[in-house]
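Asks: Supplied structure: final-v9.cif, mmCIF, C-alpha atoms and all ligand atoms.
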```cif
data_start
#
loop_
_atom_site.label_atom_id
_atom_site.label_comp_id
_atom_site.auth_asym_id
_atom_site.auth_seq_id
_atom_site.Cartn_x
_atom_site.Cartn_y
_atom_site.Cartn_z
CA MET J 7 6.94 3.74 150.32
CA SER J 8 5.05 3.84 153.57
CA THR J 9 2.14 1.52 154.10
CA PHE J 10 -0.64 1.06 156.58
CA PRO J 11 -0.84 1.97 159.44
CA VAL J 12 1.45 4.99 158.67
CA THR J 13 -0.47 5.58 155.47
CA ARG J 14 -4.20 5.96 155.83
CA LEU J 15 -5.71 7.19 152.58
CA ARG J 16 -9.01 7.87 154.30
CA ARG J 17 -7.43 10.92 156.03
CA LEU J 18 -7.93 12.98 152.86
CA ARG J 19 -11.56 11.91 152.59
CA ARG J 20 -12.73 12.96 156.04
CA THR J 21 -14.44 16.26 155.22
CA SER J 22 -15.81 17.80 152.08
CA GLY J 23 -13.37 20.71 152.56
CA ILE J 24 -10.40 18.37 152.45
CA ARG J 25 -11.86 16.39 149.56
CA ASN J 26 -12.27 19.64 147.60
CA LEU J 27 -8.62 20.57 148.18
CA VAL J 28 -7.29 17.36 146.74
CA ARG J 29 -9.81 16.84 143.92
CA GLU J 30 -7.97 16.09 140.66
CA THR J 31 -10.74 16.71 138.14
CA ARG J 32 -13.27 19.53 138.11
CA LEU J 33 -16.20 20.41 135.92
CA ASP J 34 -16.08 23.92 134.51
CA LEU J 35 -18.86 25.25 132.27
CA ASP J 36 -16.19 26.82 130.05
CA ASP J 37 -15.45 23.30 128.78
CA PHE J 38 -19.01 22.34 127.83
CA VAL J 39 -20.91 22.54 124.57
CA MET J 40 -24.71 22.34 124.51
CA PRO J 41 -26.23 20.65 121.43
CA LEU J 42 -29.31 22.40 120.01
CA PHE J 43 -31.71 21.14 117.35
CA VAL J 44 -33.44 23.55 115.05
CA GLY J 45 -36.20 22.69 112.59
CA PRO J 46 -39.21 24.20 110.90
CA GLU J 47 -41.28 23.63 114.03
CA GLY J 48 -40.48 23.27 117.69
CA LEU J 49 -41.10 19.95 119.43
CA ALA J 50 -40.65 19.71 123.18
CA ASN J 51 -39.28 16.42 124.45
CA GLU J 52 -40.54 15.99 128.00
CA ASP J 53 -38.51 12.88 128.75
CA LEU J 54 -35.27 14.15 127.21
CA PRO J 55 -35.36 17.96 127.42
CA GLY J 56 -31.85 18.24 125.95
CA LEU J 57 -33.17 16.62 122.77
CA SER J 58 -36.06 19.03 122.21
CA ARG J 59 -36.34 20.64 118.83
CA HIS J 60 -36.48 24.42 118.45
CA SER J 61 -37.87 26.69 115.78
CA VAL J 62 -35.60 29.61 114.90
CA GLU J 63 -37.68 31.81 117.24
CA THR J 64 -37.58 29.54 120.27
CA LEU J 65 -33.90 28.89 119.59
CA VAL J 66 -33.12 32.55 120.16
CA ALA J 67 -34.99 32.48 123.47
CA GLU J 68 -33.19 29.29 124.47
CA ALA J 69 -29.82 30.82 123.60
CA ASP J 70 -30.63 33.84 125.79
CA GLU J 71 -31.44 31.55 128.68
CA LEU J 72 -28.27 29.50 128.16
CA GLU J 73 -26.20 32.69 128.16
CA ARG J 74 -27.84 33.83 131.39
CA LEU J 75 -27.07 30.47 132.98
CA GLY J 76 -23.40 30.79 132.03
CA VAL J 77 -23.23 28.32 129.14
CA ARG J 78 -20.43 29.29 126.72
CA ALA J 79 -20.92 27.29 123.56
CA VAL J 80 -23.56 25.53 121.48
CA ILE J 81 -23.48 23.16 118.52
CA LEU J 82 -26.34 23.45 116.05
CA PHE J 83 -28.05 20.59 114.23
CA GLY J 84 -30.59 21.38 111.53
CA ILE J 85 -33.68 19.49 110.43
CA PRO J 86 -34.74 20.85 107.03
CA GLU J 87 -38.27 21.21 105.74
CA GLU J 88 -37.48 19.01 102.76
CA LYS J 89 -34.90 16.34 102.12
CA ASP J 90 -33.43 15.18 98.81
CA ASP J 91 -30.92 12.64 97.49
CA GLU J 92 -27.93 14.94 97.80
CA GLY J 93 -28.88 16.71 101.01
CA SER J 94 -28.85 20.12 99.35
CA GLY J 95 -30.52 21.73 102.38
CA ALA J 96 -27.16 21.42 104.10
CA TRP J 97 -25.55 24.20 102.06
CA ASP J 98 -28.65 26.26 101.27
CA ASP J 99 -27.94 29.90 102.00
CA ASP J 100 -31.46 30.13 103.38
CA GLY J 101 -31.29 26.71 105.07
CA ILE J 102 -32.38 26.09 108.63
CA VAL J 103 -28.94 26.19 110.27
CA GLN J 104 -27.91 29.21 108.23
CA ARG J 105 -31.05 31.08 109.33
CA ALA J 106 -30.51 30.00 112.93
CA LEU J 107 -26.91 31.24 112.84
CA ARG J 108 -28.01 34.63 111.56
CA ALA J 109 -30.72 34.82 114.22
CA LEU J 110 -28.03 34.21 116.84
CA ASP J 111 -25.87 37.03 115.54
CA GLY J 112 -24.76 39.11 118.50
CA THR J 113 -24.91 36.32 121.05
CA SER J 114 -21.86 35.78 123.23
CA LEU J 115 -22.23 32.02 122.79
CA VAL J 116 -19.61 30.30 120.65
CA ARG J 117 -21.56 28.92 117.69
CA LEU J 118 -20.35 25.57 116.43
CA THR J 119 -22.15 23.63 113.72
CA ASP J 120 -22.38 19.94 112.96
CA VAL J 121 -21.41 19.42 109.32
CA CYS J 122 -23.06 16.32 107.88
CA LEU J 123 -25.63 15.35 105.28
CA CYS J 124 -27.67 12.72 107.14
CA GLU J 125 -30.34 15.12 108.41
CA TYR J 126 -30.72 16.48 104.87
CA THR J 127 -30.72 13.38 102.68
CA SER J 128 -33.94 11.52 101.88
CA HIS J 129 -32.13 8.21 102.51
CA GLY J 130 -30.61 9.35 105.82
CA HIS J 131 -27.00 8.46 104.97
CA CYS J 132 -24.14 10.87 105.59
CA GLY J 133 -23.16 11.15 101.92
CA VAL J 134 -24.41 10.68 98.37
CA ILE J 135 -25.35 7.16 97.28
CA ARG J 136 -23.82 5.56 94.16
CA ASP J 137 -24.57 1.90 93.38
CA GLY J 138 -26.04 1.36 96.82
CA GLU J 139 -23.01 2.73 98.65
CA VAL J 140 -22.01 6.06 100.16
CA SER J 141 -19.58 7.57 97.67
CA ASN J 142 -16.66 9.05 99.59
CA ASP J 143 -15.08 11.37 97.06
CA GLU J 144 -18.29 12.78 95.66
CA THR J 145 -19.46 13.60 99.17
CA LEU J 146 -16.36 15.63 100.04
CA GLU J 147 -17.28 18.60 97.92
CA LEU J 148 -20.79 18.72 99.43
CA ILE J 149 -19.46 18.57 102.98
CA ALA J 150 -17.07 21.43 102.21
CA ARG J 151 -19.91 23.42 100.67
CA ALA J 152 -22.03 22.97 103.81
CA ALA J 153 -19.13 24.09 106.02
CA VAL J 154 -18.54 27.20 103.91
CA SER J 155 -22.21 28.18 104.06
CA HIS J 156 -22.22 27.79 107.86
CA VAL J 157 -19.23 30.07 108.18
CA GLU J 158 -20.75 32.62 105.84
CA ALA J 159 -23.82 32.62 108.07
CA GLY J 160 -21.72 33.20 111.20
CA ALA J 161 -20.43 29.87 112.55
CA ASP J 162 -17.34 30.25 114.74
CA ALA J 163 -16.17 26.67 114.14
CA VAL J 164 -17.32 23.68 112.10
CA CYS J 165 -17.54 20.06 113.23
CA PRO J 166 -17.58 17.48 110.40
CA SER J 167 -19.29 14.30 111.62
CA ASP J 168 -19.74 12.40 108.35
CA MET J 169 -16.63 10.16 108.61
CA MET J 170 -15.70 10.41 104.92
CA ASP J 171 -11.95 10.08 104.30
CA GLY J 172 -10.45 13.43 103.41
CA ARG J 173 -13.26 15.66 104.72
CA VAL J 174 -11.03 17.74 106.96
CA ALA J 175 -8.69 18.51 104.03
CA ALA J 176 -11.65 19.35 101.81
CA ILE J 177 -12.98 21.83 104.38
CA ARG J 178 -9.51 23.19 105.20
CA ASP J 179 -8.93 23.96 101.51
CA GLU J 180 -11.95 26.26 101.52
CA LEU J 181 -11.66 27.67 105.03
CA PRO J 182 -8.05 28.43 106.02
CA ASP J 183 -9.03 30.45 109.13
CA THR J 184 -11.93 28.46 110.59
CA PRO J 185 -11.37 26.13 113.53
CA ILE J 186 -12.27 22.56 112.58
CA VAL J 187 -13.42 20.29 115.40
CA ALA J 188 -13.16 16.90 113.72
CA TYR J 189 -15.32 14.02 114.86
CA SER J 190 -12.18 11.95 114.34
CA ALA J 191 -13.00 8.72 116.11
CA LYS J 192 -16.72 8.40 115.58
CA TYR J 193 -17.99 4.89 116.14
CA ALA J 194 -20.96 3.12 114.55
CA SER J 195 -22.82 3.15 117.85
CA ALA J 196 -26.20 2.03 119.15
CA PHE J 197 -26.09 5.01 121.50
CA TYR J 198 -27.17 7.51 118.82
CA GLY J 199 -30.79 6.28 118.93
CA PRO J 200 -32.50 9.26 120.64
CA PHE J 201 -30.54 11.73 118.49
CA ARG J 202 -31.75 10.11 115.29
CA GLU J 203 -35.34 10.51 116.47
CA ALA J 204 -34.78 14.19 117.29
CA ALA J 205 -32.87 14.87 114.06
CA GLU J 206 -34.94 12.53 111.87
CA SER J 207 -31.71 11.12 110.55
CA ALA J 208 -31.97 7.34 110.85
CA PRO J 209 -30.75 5.66 107.64
CA ALA J 210 -33.63 4.44 105.46
CA PHE J 211 -31.65 1.31 104.48
CA GLY J 212 -28.60 -0.45 105.86
CA ASP J 213 -26.51 1.15 108.60
CA ARG J 214 -23.47 3.39 108.99
CA ARG J 215 -20.85 0.67 109.48
CA GLY J 216 -19.36 1.33 106.05
CA TYR J 217 -18.12 4.73 107.20
CA GLN J 218 -18.33 5.01 110.99
CA MET J 219 -15.80 3.05 113.05
CA ASP J 220 -16.05 -0.49 114.37
CA PRO J 221 -16.54 -0.28 118.17
CA ALA J 222 -13.89 -2.99 118.58
CA ASN J 223 -10.99 -0.83 117.36
CA VAL J 224 -8.72 1.58 119.18
CA ARG J 225 -5.54 1.63 117.06
CA GLU J 226 -7.69 2.61 114.13
CA ALA J 227 -9.00 5.57 116.15
CA LEU J 228 -5.43 6.82 116.48
CA ARG J 229 -4.98 6.50 112.71
CA GLU J 230 -8.14 8.53 112.17
CA CYS J 231 -6.80 11.22 114.49
CA GLU J 232 -3.41 11.19 112.75
CA GLN J 233 -5.12 11.77 109.39
CA ASP J 234 -7.22 14.61 110.77
CA VAL J 235 -4.17 16.30 112.30
CA ALA J 236 -2.33 16.03 108.96
CA GLU J 237 -5.34 17.44 107.12
CA GLY J 238 -5.53 20.51 109.35
CA ALA J 239 -7.95 19.74 112.19
CA ASP J 240 -7.70 21.98 115.26
CA VAL J 241 -9.56 19.81 117.76
CA LEU J 242 -10.00 16.02 117.76
CA MET J 243 -13.07 14.24 119.03
CA VAL J 244 -13.98 10.82 120.35
CA LYS J 245 -17.63 9.81 120.17
CA PRO J 246 -19.51 8.33 122.04
CA ALA J 247 -17.76 9.08 125.34
CA LEU J 248 -18.62 6.72 128.20
CA PRO J 249 -18.21 3.38 126.42
CA TYR J 250 -14.96 4.72 124.88
CA LEU J 251 -13.03 6.18 127.82
CA ASP J 252 -10.02 4.06 126.83
CA VAL J 253 -10.06 5.68 123.39
CA ILE J 254 -10.18 9.14 124.98
CA ARG J 255 -7.19 8.23 127.16
CA ALA J 256 -5.20 6.76 124.25
CA THR J 257 -5.89 9.83 122.11
CA ARG J 258 -4.95 12.20 124.93
CA GLU J 259 -1.64 10.42 125.37
CA ARG J 260 -0.73 10.46 121.69
CA PHE J 261 -1.81 13.94 120.54
CA ASP J 262 -1.27 17.46 121.81
CA LEU J 263 -4.35 18.98 120.16
CA PRO J 264 -7.33 19.85 122.33
CA LEU J 265 -9.50 16.77 122.68
CA ALA J 266 -13.28 16.76 122.70
CA ALA J 267 -15.60 13.94 123.74
CA TYR J 268 -19.26 13.67 122.78
CA ASN J 269 -21.46 12.39 125.59
CA VAL J 270 -24.12 11.18 123.16
CA SER J 271 -27.90 11.01 123.29
CA GLY J 272 -28.08 7.36 124.38
CA GLU J 273 -25.73 7.98 127.31
CA TYR J 274 -27.97 10.84 128.44
CA ALA J 275 -31.17 8.87 127.84
CA MET J 276 -30.01 5.84 129.84
CA VAL J 277 -29.46 7.90 132.96
CA LYS J 278 -32.69 9.87 132.48
CA ALA J 279 -34.68 6.67 132.07
CA ALA J 280 -33.06 5.02 135.08
CA ALA J 281 -33.71 8.13 137.18
CA THR J 282 -37.37 8.14 136.11
CA LYS J 283 -37.62 4.56 137.34
CA GLY J 284 -36.06 5.59 140.63
CA PHE J 285 -33.00 3.38 140.03
CA LEU J 286 -30.50 6.20 140.55
CA ASP J 287 -30.12 9.92 141.19
CA GLU J 288 -29.82 11.79 137.90
CA GLN J 289 -27.70 14.70 139.07
CA GLN J 290 -25.15 12.48 140.82
CA ALA J 291 -25.00 10.04 137.93
CA ALA J 292 -24.62 12.83 135.39
CA ILE J 293 -21.86 14.61 137.30
CA GLU J 294 -20.05 11.33 137.87
CA SER J 295 -20.30 10.52 134.14
CA LEU J 296 -19.05 13.94 133.02
CA THR J 297 -16.24 13.85 135.56
CA ALA J 298 -15.18 10.43 134.25
CA ILE J 299 -15.05 11.79 130.70
CA LYS J 300 -12.80 14.66 131.81
CA ARG J 301 -10.66 12.36 133.96
CA ALA J 302 -10.11 10.11 130.94
CA GLY J 303 -8.54 13.10 129.21
CA ALA J 304 -11.18 15.15 127.40
CA ASP J 305 -10.62 18.91 127.40
CA LEU J 306 -14.08 19.78 126.17
CA VAL J 307 -17.31 17.85 126.39
CA PHE J 308 -20.38 17.98 124.20
CA SER J 309 -23.31 17.06 126.44
CA TYR J 310 -27.10 17.35 126.59
CA TRP J 311 -26.64 17.93 130.32
CA THR J 312 -24.83 21.23 129.73
CA LYS J 313 -27.90 23.34 130.52
CA GLU J 314 -28.77 21.35 133.63
CA LEU J 315 -25.12 21.33 134.63
CA ALA J 316 -25.13 25.13 134.57
CA ARG J 317 -27.82 25.01 137.28
CA TRP J 318 -26.08 22.32 139.29
CA LEU J 319 -22.62 23.89 139.42
C1 LIG Y 401 -24.62 13.26 112.39
C2 LIG Y 401 -24.47 13.06 113.84
C3 LIG Y 401 -24.98 12.05 114.68
C4 LIG Y 401 -24.67 12.41 115.98
C5 LIG Y 401 -23.98 13.61 115.91
N1 LIG Y 401 -23.84 13.99 114.59
C6 LIG Y 401 -25.79 10.85 114.37
C7 LIG Y 401 -25.25 9.72 113.61
O1 LIG Y 401 -24.09 9.68 113.24
O2 LIG Y 401 -26.07 8.86 113.34
C8 LIG Y 401 -25.06 11.64 117.20
C9 LIG Y 401 -25.19 12.42 118.45
C10 LIG Y 401 -25.91 11.79 119.56
O3 LIG Y 401 -26.35 10.62 119.54
O4 LIG Y 401 -26.07 12.49 120.56
N2 LIG Y 401 -23.93 12.38 111.58
#
```
Using C-alpha cells, write down the structure that the file contains.
Ligand code: PBG

Replies:
Amino acid sequence: MSTFPVTRLRRLRRTSGIRNLVRETRLDLDDFVMPLFVGPEGLANEDLPGLSRHSVETLVAEADELERLGVRAVILFGIPEEKDDEGSGAWDDDGIVQRALRALDGTSLVRLTDVCLCEYTSHGHCGVIRDGEVSNDETLELIARAAVSHVEAGADAVCPSDMMDGRVAAIRDELPDTPIVAYSAKYASAFYGPFREAAESAPAFGDRRGYQMDPANVREALRECEQDVAEGADVLMVKPALPYLDVIRATRERFDLPLAAYNVSGEYAMVKAAATKGFLDEQQAAIESLTAIKRAGADLVFSYWTKELARWL
C-alpha cells in the first residue's frame, strides 16, 4: 500500500467535477417516499410544512404538485373525525384514508398507507386495551382488517407500524399479492413528537415501550426483521433513521430484502428549528442527513423533505 507523499487523497477532491465522478452515494427521487396527512380539515404547519394536514380536496392538489415535481411515492396517514376504543375508523370503508385513496385514483404516485390504530383509538395506543395493556392477539385481526380496506380502496402497498407480534402474518393471510413494507425495527423514540401533534396520536396514558423497541437494542432489531421475513414481508424498515444508522447497517448486512429507513418528524424538526435560529443551513444539513441514511444502507427513505428535495435535486 502506498502512503504519503505518493498517495494524496486530496487529489480526488480538487474540483466538483472530480468529486462527482467518485461520489459513492447519490440521492435519487425514485428512492423517496413523501408522508402525507389527511384529516377532516386542512391545517397548514408553517414551521414544519412537511407535517401539514390536508383535507381530501387539498390532498389531491398536493399530489398533483408532487407528481409535477417528480416525486414518485407517498405514504398516507389518516386522522378520523371520531375516535373510539377499537379504532374502527381505521377499517371504515368510508374512512378518511379510504376516501383519500379513492380521490387519488389515477395518480401516477405509488400510494402506500400506514397501517396502525393509534390515530383512530380514543386512548391513542396502537392496539385494543385489555386490563390496562395493549392486547397483541386481539389487535391482529383489526390491523389486518385496516390493511384489507386500504387495498380495496386502492393502496399499492401497506406499511404496518403497530409493532404487534404476528401482524405481518395476519396481513399476509388476507392479502397474498400486496407488498408489505414492515416497520420491522421501530423504536420507542422521542423523535416522533411532531408527528403525534400532526396525527393527534399521542397516547392518553402510559407510553409505547410495551410494544415499540428499546432504543438500546440492535440484536433484537435483527430478530424483528427475521420474524417479518418469515411472515412474508417484502420490505423491511428501520425507524427512526439518523440515531439508528448502525441498525440500518446491521440490517443491510444480514438481509437481502429491500430496506427502508424512516427519517422521522423529530429529525426533520430539529434541522428546521436550527435553521430558523440561523445555526445551520437547512438544505445542506438535510442533504447530508439523507445521504448518510443511504450510505448506511437504506434503499428507500421515507422523509418529510421529499418535496423540498425534489426542488433541490
Ligand atoms: C403510527 C406511526 C408513528 C409514526 C409513524 N407511524 C407514530 C408513533 O409510533 O407514535 C412516526 C413518524 C414520525 O415521527 O415521523 N404508529

Asks: Using all atoms listed in the file, which protein or nucleic acid residues are at most 8 Å from ligand LIG 401 (chain Y), as a ChimeraX atom specification?

Replies: /J:83,120-125,132,167-168,192,194-195,197-202,207-208,214,218,246,268-272,309-310

Asks: Find the distance between CA of Arg215 in chain J and CA of Tyr193 in chain J and write it in Å to one decimal.

Replies: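 So the two atoms, CA of Arg215 in chain J and CA of Tyr193 in chain J, lie 8.4 Å apart.
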
Asks: Go through J:Leu57, J:Val77, J:Ala152, J:Leu118 and flag the residue nearest Ser94 in chain J, using all atoms listed in the file for the distances.

Replies: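 For Ser94 in chain J, the nearest of the given residues is J:Ala152.
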
Asks: Around all listed atoms of range 265-271 of chain J, padded 4 Å per side, what centre and edge lengths does the axis-aligned box have in Å to one decimal, as JSON?

Replies:
```
{"center_x": -18.7, "center_y": 13.9, "center_z": 124.1, "size_x": 26.4, "size_y": 13.8, "size_z": 10.9}
```

Asks: What does the distance from CA of Pro46 in chain J to CA of Ser61 in chain J come to in Å, to one decimal?

Replies: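 One can read the CA of Pro46 in chain J to CA of Ser61 in chain J distance as 5.6 Å.
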
Asks: Give the answer as one residue: which of J:Glu30, J:Asp53, J:Asp213, J:Glu68 has the shortest atom-to-atom distance to Lys313 in chain J, using only C-alpha atoms?

Replies: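 For Lys313 in chain J, the nearest of the given residues is J:Glu68.
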
Asks: Have a look at J:Cys165, J:Leu107, J:Leu286, J:Ile102 and name the one nearest to Ile85 in chain J; count all atoms listed in the file.

Replies: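 Between J:Cys165, J:Leu107, J:Leu286, J:Ile102, the residue approaching Ile85 in chain J most closely is J:Ile102.
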
Asks: Return the single residue from J:Glu206, J:Asp34, J:Asp252, J:Asp90 that is closest to Asn223 in chain J, with distances computed using all atoms listed in the file.

Replies: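 Of J:Glu206, J:Asp34, J:Asp252, J:Asp90, the one nearest Asn223 in chain J, counting all atoms listed in the file, is J:Asp252.
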
Asks: Tell me which of J:Asp171, J:Ala247, J:Glu273, J:Asp262 sits closest to Asp234 in chain J, counting all atoms listed in the file.

Replies: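 Under the stated criterion, the closest residue is J:Asp171.
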
Asks: Hey, which of J:His156, J:Arg258, J:His131, J:Arg136 ends up closest to Phe211 in chain J? Count all atoms listed in the file.

Replies: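 So, comparing all the options, the nearest one is J:His131.
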
Asks: What lies within 9 Å of Arg301 in chain J using all atoms listed in the file, ignoring chain neighbours under 5 positions off, as a ChimeraX atom specification?

Replies: /J:30-32,255,296

Asks: When you draw a straight line from CA of Arg225 in chain J to CA of Ile254 in chain J, how long is it in Å?

Replies: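 Separating CA of Arg225 in chain J from CA of Ile254 in chain J is a distance of 11.9 Å.
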
Asks: Using all atoms listed in the file, determine which residues lie at most 12 Å from range 147-151 of chain J, disregarding the query and same-chain residues fewer than 3 positions distant; provide the list as a VMD selection string.

Replies: chain J and resid 91 to 99 120 to 124 126 to 127 132 to 134 141 to 144 154 to 158 164 to 181 186
